[in-house]
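Chemist: Have a peek at start-v4.cif (mmCIF, C-alpha atoms).
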```cif
data_input
#
loop_
_atom_site.label_atom_id
_atom_site.label_comp_id
_atom_site.auth_asym_id
_atom_site.auth_seq_id
_atom_site.Cartn_x
_atom_site.Cartn_y
_atom_site.Cartn_z
CA MET A 94 12.61 -90.19 -60.72
CA MET A 95 15.83 -91.15 -58.99
CA GLN A 96 17.81 -89.97 -61.96
CA TRP A 97 16.42 -86.47 -61.60
CA VAL A 98 17.29 -86.51 -57.98
CA PHE A 99 20.87 -87.54 -58.69
CA PHE A 100 21.04 -84.95 -61.45
CA LEU A 101 19.92 -82.12 -59.17
CA ALA A 102 22.24 -83.24 -56.42
CA GLY A 103 25.15 -83.23 -58.84
CA ILE A 104 24.31 -79.75 -59.98
CA LEU A 105 24.13 -78.49 -56.41
CA ILE A 106 27.40 -80.11 -55.38
CA GLY A 107 29.15 -78.74 -58.49
CA GLY A 108 27.84 -75.23 -57.84
CA ALA A 109 29.06 -75.37 -54.26
CA LEU A 110 32.51 -76.53 -55.31
CA CYS A 111 32.74 -73.79 -57.90
CA GLY A 112 31.68 -71.13 -55.36
CA ALA A 113 34.28 -72.33 -52.86
CA VAL A 114 37.06 -72.32 -55.42
CA GLY A 115 36.03 -68.81 -56.58
CA PHE A 116 35.99 -67.52 -52.97
CA PHE A 117 39.49 -68.79 -52.24
CA LEU A 118 40.85 -67.40 -55.51
CA CYS A 119 39.25 -63.99 -54.89
CA ARG A 120 40.58 -63.96 -51.32
CA ALA A 121 44.14 -64.71 -52.49
CA PHE A 122 43.93 -61.99 -55.12
CA CYS A 123 42.69 -59.39 -52.57
CA ARG A 124 45.48 -60.24 -50.15
CA THR A 125 48.09 -59.86 -52.88
CA LYS A 126 46.58 -56.50 -53.89
CA LEU A 127 46.47 -55.24 -50.31
CA ARG A 128 50.05 -56.29 -49.67
CA ALA A 129 51.25 -54.34 -52.74
CA GLN A 130 49.30 -51.24 -51.68
CA GLN A 131 50.68 -51.53 -48.13
CA GLU A 132 54.24 -51.59 -49.48
CA ILE A 133 53.55 -48.49 -51.59
CA PHE A 134 52.02 -46.69 -48.56
CA ASP A 135 54.99 -47.60 -46.36
CA ALA A 136 57.41 -46.24 -48.93
CA ARG A 137 55.46 -42.98 -49.23
CA GLN A 138 55.28 -42.71 -45.44
CA GLN A 139 59.06 -43.07 -45.16
CA GLU A 140 59.51 -40.38 -47.80
CA ALA A 141 57.12 -38.08 -46.00
CA ASP A 142 58.92 -38.63 -42.69
CA ARG A 143 62.22 -37.82 -44.32
CA HIS A 144 60.83 -34.60 -45.83
CA ALA A 145 59.28 -33.66 -42.46
CA GLY A 146 62.64 -34.07 -40.72
CA GLU A 147 64.35 -31.92 -43.29
CA LEU A 148 61.60 -29.28 -43.00
CA GLU A 149 61.92 -29.26 -39.21
CA LYS A 150 65.68 -28.76 -39.44
CA LEU A 151 65.13 -25.91 -41.92
CA ARG A 152 62.56 -24.26 -39.64
CA ALA A 153 64.90 -24.55 -36.66
CA ALA A 154 67.75 -22.97 -38.60
CA GLN A 155 65.48 -20.14 -39.82
CA GLY A 156 64.19 -19.59 -36.26
CA GLU A 157 67.68 -19.26 -34.86
CA GLN A 158 68.61 -16.82 -37.63
CA LEU A 159 65.43 -14.80 -36.96
CA LYS A 160 66.19 -14.69 -33.24
CA LEU A 161 69.67 -13.37 -33.90
CA GLU A 162 68.36 -10.69 -36.25
CA ILE A 163 65.60 -9.65 -33.83
CA LYS A 164 68.08 -9.54 -30.94
CA ALA A 165 70.49 -7.35 -32.91
CA LEU A 166 67.65 -5.04 -34.03
CA SER A 167 66.26 -4.84 -30.47
CA GLU A 168 69.64 -3.94 -29.04
CA LYS A 169 70.03 -1.22 -31.64
CA ILE A 170 66.58 0.20 -31.01
CA PHE A 171 67.06 -0.04 -27.24
CA GLU A 172 70.31 1.90 -27.42
CA GLU A 173 68.72 4.63 -29.52
CA LYS A 174 65.63 4.84 -27.35
CA SER A 175 67.66 4.76 -24.13
CA VAL A 176 69.52 7.87 -25.15
CA LYS A 177 66.33 9.71 -26.05
CA LEU A 178 64.52 8.34 -22.98
CA ASN A 179 67.22 9.46 -20.61
CA ALA A 180 67.06 12.98 -21.96
CA ALA A 181 63.24 13.03 -21.83
CA ASN A 182 63.23 11.51 -18.34
CA LYS A 183 65.58 14.15 -17.06
CA GLU A 184 63.28 16.88 -18.34
CA GLN A 185 60.14 15.19 -17.02
CA LEU A 186 61.70 14.43 -13.65
CA ALA A 187 62.81 18.00 -13.34
CA ALA A 188 59.28 19.19 -14.16
CA LEU A 189 57.86 16.80 -11.53
CA ILE A 190 60.46 17.12 -8.82
CA ASP A 191 60.67 20.90 -8.71
CA PRO A 192 56.95 21.40 -7.78
CA PHE A 193 57.26 18.42 -5.44
CA LYS A 194 60.16 20.08 -3.67
CA GLU A 195 58.08 23.21 -3.24
CA LYS A 196 55.19 21.16 -1.84
CA LEU A 197 57.55 19.39 0.54
CA GLN A 198 58.73 22.74 1.84
CA GLU A 199 55.13 23.88 2.32
CA PHE A 200 54.25 20.54 3.98
CA LYS A 201 57.23 20.83 6.30
CA LYS A 202 56.11 24.31 7.28
CA SER A 203 52.49 23.19 7.88
CA VAL A 204 53.71 20.20 9.93
CA GLU A 205 55.74 22.50 12.15
CA GLU A 206 52.72 24.78 12.59
CA SER A 207 50.47 21.78 13.26
CA ARG A 208 52.92 20.48 15.83
CA GLY A 209 52.63 23.72 17.73
CA LYS A 210 48.84 23.61 17.55
CA ASN A 211 48.81 19.95 18.66
CA ILE A 212 50.84 20.86 21.70
CA GLU A 213 48.27 23.49 22.61
CA LEU A 214 45.41 21.09 21.85
CA HIS A 215 46.95 18.35 23.98
CA ALA A 216 47.34 20.80 26.84
CA SER A 217 43.69 21.90 26.60
CA LEU A 218 42.58 18.26 26.19
CA ARG A 219 44.54 17.26 29.26
CA ALA A 220 42.88 20.04 31.21
CA GLU A 221 39.44 18.98 29.92
CA LEU A 222 40.09 15.35 30.82
CA THR A 223 41.15 16.42 34.28
CA ARG A 224 37.94 18.42 34.65
CA MET A 225 35.86 15.48 33.38
CA MET A 226 37.53 13.12 35.85
CA THR A 227 36.75 15.56 38.63
CA GLU A 228 33.11 15.86 37.51
CA THR A 229 32.87 12.06 37.17
CA GLY A 230 34.19 11.67 40.69
CA LYS A 231 31.59 14.15 41.96
CA LEU A 232 28.85 12.34 40.03
CA GLY A 233 29.99 9.02 41.48
CA ASN A 234 29.92 10.45 44.97
CA GLU A 235 26.46 11.91 44.37
CA ALA A 236 25.22 8.55 43.03
CA LYS A 237 26.73 6.81 46.05
CA MET A 238 25.05 9.30 48.37
CA LEU A 239 21.75 8.79 46.54
CA THR A 240 22.10 5.02 46.84
CA THR A 241 22.90 5.35 50.53
CA ALA A 242 19.90 7.62 51.03
CA LEU A 243 17.59 5.27 49.15
CA ARG A 244 18.82 2.34 51.18
CA GLY A 245 18.60 4.05 54.53
CA GLU A 246 15.39 6.14 54.58
CA GLN A 247 11.93 4.96 53.56
CA LYS A 248 10.71 8.54 53.13
CA THR A 249 13.52 9.27 50.66
CA GLN A 250 12.55 6.18 48.70
CA GLY A 251 8.93 7.29 48.72
CA ASP A 252 9.81 10.79 47.50
CA TRP A 253 11.92 9.28 44.73
CA GLY A 254 9.05 7.03 43.63
CA GLU A 255 6.63 9.99 43.60
CA MET A 256 9.13 11.96 41.49
CA ILE A 257 9.31 9.14 38.92
CA LEU A 258 5.50 8.91 38.89
CA ASP A 259 5.14 12.67 38.37
CA ASP A 260 7.66 12.57 35.51
CA LEU A 261 5.72 9.78 33.77
CA LEU A 262 2.46 11.69 34.15
CA SER A 263 3.95 14.88 32.72
CA ARG A 264 5.31 12.98 29.70
CA SER A 265 2.07 11.09 29.06
CA GLY A 266 0.24 14.11 27.61
CA LEU A 267 -2.27 14.32 30.47
CA LYS A 268 -2.77 17.70 32.16
CA ASN A 269 -2.42 18.15 35.90
CA GLY A 270 -5.60 19.49 37.46
CA VAL A 271 -7.65 18.41 34.44
CA HIS A 272 -6.94 14.77 33.76
CA TYR A 273 -5.29 13.89 37.09
CA GLU A 274 -4.67 15.30 40.57
CA CYS A 275 -1.60 14.78 42.76
CA GLN A 276 -1.51 14.42 46.55
CA LYS A 277 -5.13 15.43 46.94
CA THR A 278 -7.02 14.41 50.04
CA MET A 279 -10.22 12.61 49.06
CA ARG A 280 -13.45 14.39 49.93
CA GLY A 281 -17.04 13.27 49.72
CA ALA A 282 -19.67 14.83 47.49
CA ASP A 283 -20.68 17.00 50.47
CA GLY A 284 -17.10 18.29 50.89
CA ASP A 285 -16.26 16.31 54.04
CA LEU A 286 -12.89 14.58 54.29
CA LEU A 287 -12.98 10.83 53.74
CA LYS A 288 -11.25 8.47 56.18
CA SER A 289 -10.26 4.83 55.93
CA ASP A 290 -11.43 2.06 58.24
CA THR A 291 -8.42 2.83 60.47
CA ASP A 292 -9.59 6.47 60.75
CA ASN A 293 -6.78 7.79 58.54
CA LEU A 294 -7.22 10.44 55.86
CA LEU A 295 -7.19 9.12 52.30
CA ARG A 296 -4.44 10.91 50.42
CA PRO A 297 -3.29 8.84 47.41
CA ASP A 298 -0.33 9.87 45.28
CA VAL A 299 -2.40 10.39 42.12
CA ILE A 300 -6.05 10.21 41.10
CA VAL A 301 -6.45 9.84 37.33
CA HIS A 302 -9.77 10.75 35.72
CA TYR A 303 -11.28 8.83 32.80
CA PRO A 304 -13.41 10.76 30.30
CA ASP A 305 -16.44 8.58 31.09
CA GLY A 306 -16.59 9.81 34.71
CA ARG A 307 -14.51 7.04 36.33
CA ASP A 308 -11.42 7.49 38.52
CA VAL A 309 -8.44 5.25 39.24
CA VAL A 310 -5.99 5.71 42.11
CA ILE A 311 -2.25 5.27 41.50
CA ASP A 312 0.01 4.86 44.54
CA SER A 313 3.80 4.57 44.34
CA LYS A 314 5.44 1.83 46.42
CA VAL A 315 9.24 1.50 46.45
CA SER A 316 11.05 -1.73 47.39
CA LEU A 317 14.73 -1.03 46.84
CA THR A 318 16.67 -2.01 49.97
CA SER A 319 16.41 -5.77 49.57
CA TYR A 320 16.60 -5.50 45.78
CA ILE A 321 19.94 -3.61 45.92
CA ALA A 322 21.26 -6.13 48.45
CA TYR A 323 20.24 -8.96 46.13
CA MET A 324 21.95 -7.37 43.11
CA ASN A 325 25.20 -6.60 44.96
CA GLU A 326 25.48 -9.81 46.98
CA THR A 327 27.80 -12.57 45.72
CA ASP A 328 27.03 -15.19 48.33
CA GLU A 329 24.16 -17.40 47.11
CA GLU A 330 22.63 -17.91 50.55
CA LYS A 331 22.60 -14.18 51.25
CA ARG A 332 21.19 -13.54 47.78
CA ALA A 333 18.38 -15.97 48.51
CA GLU A 334 17.65 -14.18 51.81
CA ALA A 335 17.65 -10.80 50.06
CA LEU A 336 15.26 -12.14 47.38
CA LYS A 337 12.93 -13.51 50.02
CA SER A 338 12.98 -10.15 51.81
CA HIS A 339 12.29 -8.31 48.53
CA LEU A 340 9.26 -10.47 47.70
CA LYS A 341 8.00 -10.04 51.25
CA SER A 342 8.31 -6.26 50.90
CA VAL A 343 6.30 -6.20 47.66
CA ARG A 344 3.61 -8.43 49.19
CA ALA A 345 3.44 -6.12 52.24
CA HIS A 346 2.84 -3.12 49.96
CA VAL A 347 -0.01 -5.02 48.27
CA ASP A 348 -1.62 -5.78 51.61
CA GLU A 349 -1.21 -2.14 52.69
CA LEU A 350 -3.01 -0.82 49.59
CA ALA A 351 -5.70 -3.48 49.91
CA LYS A 352 -6.46 -2.27 53.46
CA LYS A 353 -6.77 1.36 52.33
CA ASN A 354 -9.19 0.23 49.58
CA TYR A 355 -9.13 3.52 47.65
CA ALA A 356 -11.44 2.13 44.94
CA ALA A 357 -14.28 1.67 47.44
CA PHE A 358 -14.18 5.35 48.46
CA VAL A 359 -14.12 6.80 44.94
CA PRO A 360 -17.94 6.68 44.46
CA GLU A 361 -18.34 8.83 47.59
CA THR A 362 -16.49 11.65 45.79
CA GLY A 363 -19.20 11.78 43.14
CA ARG A 364 -17.22 9.84 40.53
CA GLU A 365 -17.41 6.22 39.45
CA SER A 366 -14.65 3.78 40.39
CA CYS A 367 -12.66 1.56 38.02
CA GLY A 368 -12.79 -1.14 40.67
CA PHE A 369 -9.04 -1.45 41.29
CA THR A 370 -6.02 0.46 42.59
CA VAL A 371 -2.75 0.74 40.65
CA MET A 372 0.40 -0.04 42.68
CA PHE A 373 3.34 1.57 40.87
CA ILE A 374 6.86 0.14 41.38
CA PRO A 375 9.16 2.87 39.95
CA ASN A 376 12.19 0.59 39.45
CA GLU A 377 11.85 -1.71 36.43
CA GLY A 378 14.46 -4.18 37.71
CA SER A 379 12.77 -4.49 41.09
CA TYR A 380 9.41 -5.14 39.39
CA GLN A 381 10.85 -7.72 36.97
CA LEU A 382 12.65 -9.60 39.75
CA ALA A 383 9.44 -9.92 41.78
CA MET A 384 7.30 -10.94 38.80
CA ILE A 385 9.82 -13.51 37.49
CA ARG A 386 10.71 -15.13 40.83
CA GLU A 387 7.10 -15.21 42.10
CA PRO A 388 4.60 -15.03 39.17
CA GLU A 389 1.64 -15.81 41.46
CA LEU A 390 2.31 -12.54 43.29
CA TRP A 391 0.59 -10.63 40.49
CA VAL A 392 -2.46 -12.92 40.76
CA TYR A 393 -2.46 -12.48 44.55
CA ALA A 394 -2.53 -8.71 44.12
CA PHE A 395 -5.18 -8.79 41.38
CA GLN A 396 -7.49 -10.83 43.61
CA LYS A 397 -7.22 -8.01 46.14
CA LYS A 398 -8.10 -5.51 43.35
CA ILE A 399 -4.52 -4.24 43.19
CA LEU A 400 -2.85 -3.89 39.78
CA ILE A 401 0.98 -3.99 40.03
CA VAL A 402 2.70 -2.03 37.23
CA SER A 403 6.22 -0.99 36.28
CA PRO A 404 7.21 2.30 34.56
CA VAL A 405 6.77 0.68 31.14
CA ASN A 406 3.33 -0.72 31.96
CA LEU A 407 2.18 2.51 33.60
CA MET A 408 3.23 4.58 30.59
CA ALA A 409 1.18 2.26 28.34
CA LEU A 410 -1.84 2.64 30.68
CA LEU A 411 -1.49 6.45 30.76
CA GLN A 412 -1.21 6.54 26.96
CA LEU A 413 -4.49 4.63 26.66
CA ILE A 414 -6.16 7.11 29.02
CA GLU A 415 -4.70 10.02 27.03
CA ILE A 416 -6.06 8.51 23.80
CA ALA A 417 -9.49 8.17 25.44
CA TRP A 418 -9.40 11.86 26.44
CA THR A 419 -8.31 12.84 22.92
CA ARG A 420 -11.25 10.98 21.41
CA GLU A 421 -13.59 12.54 23.97
CA ASP A 422 -12.29 16.02 23.05
CA GLN A 423 -12.73 15.24 19.36
CA SER A 424 -16.29 14.05 19.95
CA ARG A 425 -17.02 17.18 22.01
CA ASN A 426 -15.54 19.32 19.24
CA GLN A 427 -17.71 17.55 16.66
CA GLN A 428 -20.82 18.24 18.72
CA GLU A 429 -19.78 21.89 19.05
CA ILE A 430 -19.16 22.06 15.28
CA LEU A 431 -22.62 20.59 14.59
CA LYS A 432 -24.22 23.05 17.04
CA THR A 433 -22.37 26.00 15.49
CA GLY A 434 -23.30 24.76 11.99
CA ALA A 435 -26.97 24.61 12.95
CA GLN A 436 -26.82 28.17 14.33
CA LEU A 437 -25.09 29.32 11.15
CA LEU A 438 -27.77 27.73 8.96
CA GLU A 439 -30.51 29.37 11.02
CA ARG A 440 -28.83 32.77 10.57
CA VAL A 441 -28.34 32.17 6.86
CA TYR A 442 -32.00 31.32 6.34
CA ALA A 443 -33.03 34.32 8.41
CA PHE A 444 -30.88 36.44 6.10
CA TYR A 445 -32.57 34.75 3.12
CA GLU A 446 -35.94 35.89 4.44
CA GLU A 447 -34.72 39.47 4.95
CA PHE A 448 -33.08 39.44 1.54
CA ASP A 449 -36.33 38.25 -0.05
CA ALA A 450 -38.23 41.00 1.79
CA ILE A 451 -35.76 43.58 0.42
CA GLY A 452 -36.35 42.19 -3.08
CA LYS A 453 -40.08 42.52 -2.68
CA GLN A 454 -39.69 46.11 -1.45
CA LEU A 455 -37.42 46.83 -4.44
CA ASP A 456 -40.07 45.36 -6.74
CA GLN A 457 -42.69 47.62 -5.16
CA ALA A 458 -40.38 50.62 -5.57
CA ARG A 459 -39.78 49.60 -9.19
CA ASN A 460 -43.50 49.38 -9.84
CA ALA A 461 -44.00 52.79 -8.27
CA PHE A 462 -41.14 54.15 -10.40
CA ASP A 463 -42.62 52.63 -13.59
CA ASN A 464 -46.05 54.06 -12.74
CA ALA A 465 -44.56 57.52 -12.19
CA ALA A 466 -42.64 57.29 -15.46
CA HIS A 467 -45.79 56.13 -17.21
CA ARG A 468 -47.67 59.11 -15.91
CA LEU A 469 -44.93 61.46 -17.04
CA LYS A 470 -44.53 59.95 -20.50
CA GLU A 471 -47.90 58.56 -21.52
CA GLY A 472 -51.54 59.67 -21.42
CA GLU A 473 -53.59 62.15 -23.44
CA ARG A 474 -51.84 64.87 -25.40
CA THR A 475 -52.77 67.57 -22.98
CA ARG A 476 -51.90 65.44 -19.91
CA SER A 477 -48.46 64.04 -20.87
CA VAL A 478 -45.81 66.08 -19.05
CA VAL A 479 -42.97 64.79 -21.30
CA SER A 480 -44.93 65.53 -24.49
CA ALA A 481 -45.68 69.01 -23.25
CA GLY A 482 -42.06 69.67 -22.40
CA GLU A 483 -40.81 68.43 -25.79
CA LYS A 484 -43.40 70.64 -27.51
CA LEU A 485 -42.09 73.62 -25.58
CA LYS A 486 -38.55 72.83 -26.81
CA LYS A 487 -39.88 72.59 -30.37
CA LEU A 488 -41.56 75.96 -29.99
CA GLY A 489 -38.25 77.57 -29.07
CA VAL A 490 -38.27 77.56 -25.24
CA LYS A 491 -34.64 77.32 -24.18
CA MET A 492 -33.05 76.22 -20.89
CA SER A 493 -30.00 77.83 -19.33
CA LYS A 494 -28.11 74.54 -19.83
CA GLU A 495 -29.04 71.98 -22.44
CA LYS A 496 -30.01 68.63 -20.93
CA ALA A 497 -30.92 65.29 -22.50
CA LEU A 498 -34.12 63.51 -21.78
CA PRO A 499 -33.65 60.30 -19.68
CA LYS A 500 -33.84 57.14 -21.79
CA ILE A 501 -36.82 55.79 -19.92
CA LEU A 502 -38.82 58.97 -20.69
CA GLU A 503 -37.98 59.15 -24.39
CA LEU A 504 -41.06 59.32 -26.65
CA PRO A 505 -41.56 57.25 -29.77
CA GLU A 506 -40.58 59.17 -32.94
CA SER A 507 -44.09 58.94 -34.43
CA GLU A 508 -45.62 60.52 -31.35
CA GLU A 509 -42.81 63.08 -31.09
CA ASN A 510 -43.27 64.22 -34.71
CA GLY A 511 -47.01 64.47 -34.40
CA GLU A 512 -47.02 66.47 -31.17
CA ILE A 513 -46.06 69.89 -32.65
CA PHE A 514 -48.28 72.78 -31.97
CA SER A 515 -50.07 74.14 -34.93
CA ALA A 516 -48.80 77.54 -33.94
CA ALA A 517 -45.35 76.46 -35.13
CA SER A 518 -46.68 76.17 -38.69
CA SER A 519 -48.17 79.66 -38.53
CA GLY A 520 -44.76 81.11 -37.93
CA SER A 521 -45.31 82.29 -34.35
CA ASN A 522 -42.17 81.96 -32.27
CA VAL A 523 -42.30 81.99 -28.48
CA GLU A 524 -38.95 82.26 -26.80
CA THR A 525 -38.84 81.92 -23.08
CA THR A 526 -35.71 81.31 -21.05
CA LEU A 527 -36.11 78.95 -18.10
CA LYS A 528 -33.74 79.57 -15.35
#
```
Before we go any further, please render this structure as structure tokens.
Modeler:
Amino acid sequence: MMQWVFFLAGILIGGALCGAVGFFLCRAFCRTKLRAQQEIFDARQQEADRHAGELEKLRAAQGEQLKLEIKALSEKIFEEKSVKLNAANKEQLAALIDPFKEKLQEFKKSVEESRGKNIELHASLRAELTRMMTETGKLGNEAKMLTTALRGEQKTQGDWGEMILDDLLSRSGLKNGVHYECQKTMRGADGDLLKSDTDNLLRPDVIVHYPDGRDVVIDSKVSLTSYIAYMNETDEEKRAEALKSHLKSVRAHVDELAKKNYAAFVPETGRESCGFTVMFIPNEGSYQLAMIREPELWVYAFQKKILIVSPVNLMALLQLIEIAWTREDQSRNQQEILKTGAQLLERVYAFYEEFDAIGKQLDQARNAFDNAAHRLKEGERTRSVVSAGEKLKKLGVKMSKEKALPKILELPESEENGEIFSAASSGSNVETTLK
């Protein structure tokens, strides 16, 4: 057993030694082979580099020669073309410059004419500017006078506010005397003048009618004096005083309208009341200043049944009223159309009845006509008028003017052929002329 072990071990060790020797020999051979190939490659590389250098030198020499030839050829061509181009350019420039010279002359002439016109235009423009400056000065003076008047007199301010209110009403689409009334003293249903609790006549600026029978009173209240002072003042303390005075003025107008209580007197005129009075501030800036600086002022007025509005708000309110009137007119027109349509249908059906009666009468006349025709055409031989007449024609009785028998009275051929007098066959001939 041990011998086999030693035998196998010897075989293995010998195989390993042989493999190692073979590996080293193969490795040495490969290195030698690679070294020889490397030397061959290096030699070929050197030869290739040498050829590349020679080729580069040859290319450089050929490039220089080509440049020289191209340069010489270009100079020759340039000289030839320059001569031809100069001649052509002279002709073309002459063709271009000559018309251009003519245009320059025309332009110079038009510029001189335009200069003369500009002088005249500048003179007229200067005169127009002078006139405009004069008109602007007049307008400024008028605006200053208007501002002074609005500041100084309460009646002037009131008239101005009423003018703005009237302008808004006229542009709203509502009709004066129909949809609203201006400066009308309020009267009761019995015609008597109405007076306030202070025994004053009630004469609001405007009474606007709603289509449902209600009325609303609009009264213009102007607060401009303190507002203008506030806008023009630069001192903060004085501005604060002017603002306080402006708010006080607006509040005083609210209290004044609340005492008049127009809405309470509207039912006595025979109309229904909307329950509030509209206080119109014609200046948008004045309204905005009061509403922004004292928002509770609007609530204070509303609690007293006073609705404060600016021109923008009033126009919106008037537009809503105008829309309501438009819808009312449309509804009234629809009712009128329905009423007219009903009358038209009644007349049409009455015509139908008369038309039917005419038809019945025509039927009766037709029956009478058919009966008369039947009596003329049909019946016994001796009683048929048509048969007798045709027999007379057959027997030779002639009329002064030949006439055809009406189609409705024509006799059948069988009856016509059989209704010949026997006297015709005997040869008797009776000729009588009917005139």
Chemist: Show me, as JSON, numbers by chain, the residues that have an atom within 10 Å of stretch 283-285 of chain A when counting only C-alpha atoms, minus same-chain residues fewer than 2 positions from it.
Modeler: {"A": [279, 280, 281, 287, 288, 361, 362, 363]}
Chemist: Give me, please, the distance in Å between atom CA of A:Ala345 and atom CA of A:Glu329, quoted to one decimal.
Modeler: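 For atom CA of A:Ala345 relative to atom CA of A:Glu329, the distance reads 24.1 Å.
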Chemist: Running the PyMOL selection byres ((chain A and resi 376) around 12) on this model by hand, what would come out? Give it as a ChimeraX atom specification.
Modeler: /A:250-251,253-258,313-318,320-321,373-375,377-383,402-407
Chemist: What would the file look like if the residues just selected were written as a PDB file, in the frame of the given file with C-alpha atoms?
Modeler:
```pdb
ATOM      1  CA  GLN A 250      12.550   6.180  48.700  1.00  0.00           C
ATOM      2  CA  GLY A 251       8.930   7.290  48.720  1.00  0.00           C
ATOM      3  CA  TRP A 253      11.920   9.280  44.730  1.00  0.00           C
ATOM      4  CA  GLY A 254       9.050   7.030  43.630  1.00  0.00           C
ATOM      5  CA  GLU A 255       6.630   9.990  43.600  1.00  0.00           C
ATOM      6  CA  MET A 256       9.130  11.960  41.490  1.00  0.00           C
ATOM      7  CA  ILE A 257       9.310   9.140  38.920  1.00  0.00           C
ATOM      8  CA  LEU A 258       5.500   8.910  38.890  1.00  0.00           C
ATOM      9  CA  SER A 313       3.800   4.570  44.340  1.00  0.00           C
ATOM     10  CA  LYS A 314       5.440   1.830  46.420  1.00  0.00           C
ATOM     11  CA  VAL A 315       9.240   1.500  46.450  1.00  0.00           C
ATOM     12  CA  SER A 316      11.050  -1.730  47.390  1.00  0.00           C
ATOM     13  CA  LEU A 317      14.730  -1.030  46.840  1.00  0.00           C
ATOM     14  CA  THR A 318      16.670  -2.010  49.970  1.00  0.00           C
ATOM     15  CA  TYR A 320      16.600  -5.500  45.780  1.00  0.00           C
ATOM     16  CA  ILE A 321      19.940  -3.610  45.920  1.00  0.00           C
ATOM     17  CA  PHE A 373       3.340   1.570  40.870  1.00  0.00           C
ATOM     18  CA  ILE A 374       6.860   0.140  41.380  1.00  0.00           C
ATOM     19  CA  PRO A 375       9.160   2.870  39.950  1.00  0.00           C
ATOM     20  CA  GLU A 377      11.850  -1.710  36.430  1.00  0.00           C
ATOM     21  CA  GLY A 378      14.460  -4.180  37.710  1.00  0.00           C
ATOM     22  CA  SER A 379      12.770  -4.490  41.090  1.00  0.00           C
ATOM     23  CA  TYR A 380       9.410  -5.140  39.390  1.00  0.00           C
ATOM     24  CA  GLN A 381      10.850  -7.720  36.970  1.00  0.00           C
ATOM     25  CA  LEU A 382      12.650  -9.600  39.750  1.00  0.00           C
ATOM     26  CA  ALA A 383       9.440  -9.920  41.780  1.00  0.00           C
ATOM     27  CA  VAL A 402       2.700  -2.030  37.230  1.00  0.00           C
ATOM     28  CA  SER A 403       6.220  -0.990  36.280  1.00  0.00           C
ATOM     29  CA  PRO A 404       7.210   2.300  34.560  1.00  0.00           C
ATOM     30  CA  VAL A 405       6.770   0.680  31.140  1.00  0.00           C
ATOM     31  CA  ASN A 406       3.330  -0.720  31.960  1.00  0.00           C
ATOM     32  CA  LEU A 407       2.180   2.510  33.600  1.00  0.00           C
TER      33      LEU A 407
END
```
Chemist: Suppose you want the space between atom CA of A:Lys353 and atom CA of A:Leu295; what is it in Å?
Modeler: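 Between atom CA of A:Lys353 and atom CA of A:Leu295 the gap works out to 7.8 Å.
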Chemist: Would you mind reading off the distance between atom CA of A:Gln457 and atom CA of A:Leu504, one decimal, in Å?
Modeler: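 The value is 24.5 Å.
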Chemist: Run through the PyMOL selection byres ((chain A and resi 470) around 9) on the given coordinates and return the selected residues as a list of chain:residue names.
Modeler: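 Selection result, ordered by chain and number: A:Ala465, A:Ala466, A:His467, A:Arg468, A:Leu469, A:Glu471, A:Gly472, A:Ser477, A:Val478, A:Val479, A:Ser480, A:Ile501, A:Leu502, A:Glu503, A:Leu504.
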Chemist: Set the distance at 12 Å and use only C-alpha atoms: which residues neighbour A:Ser366 once local chain neighbours fewer than 4 positions away are removed? I'd like the list as a ChimeraX atom specification.
Modeler: /A:300-303,305-310,354-362,370,398
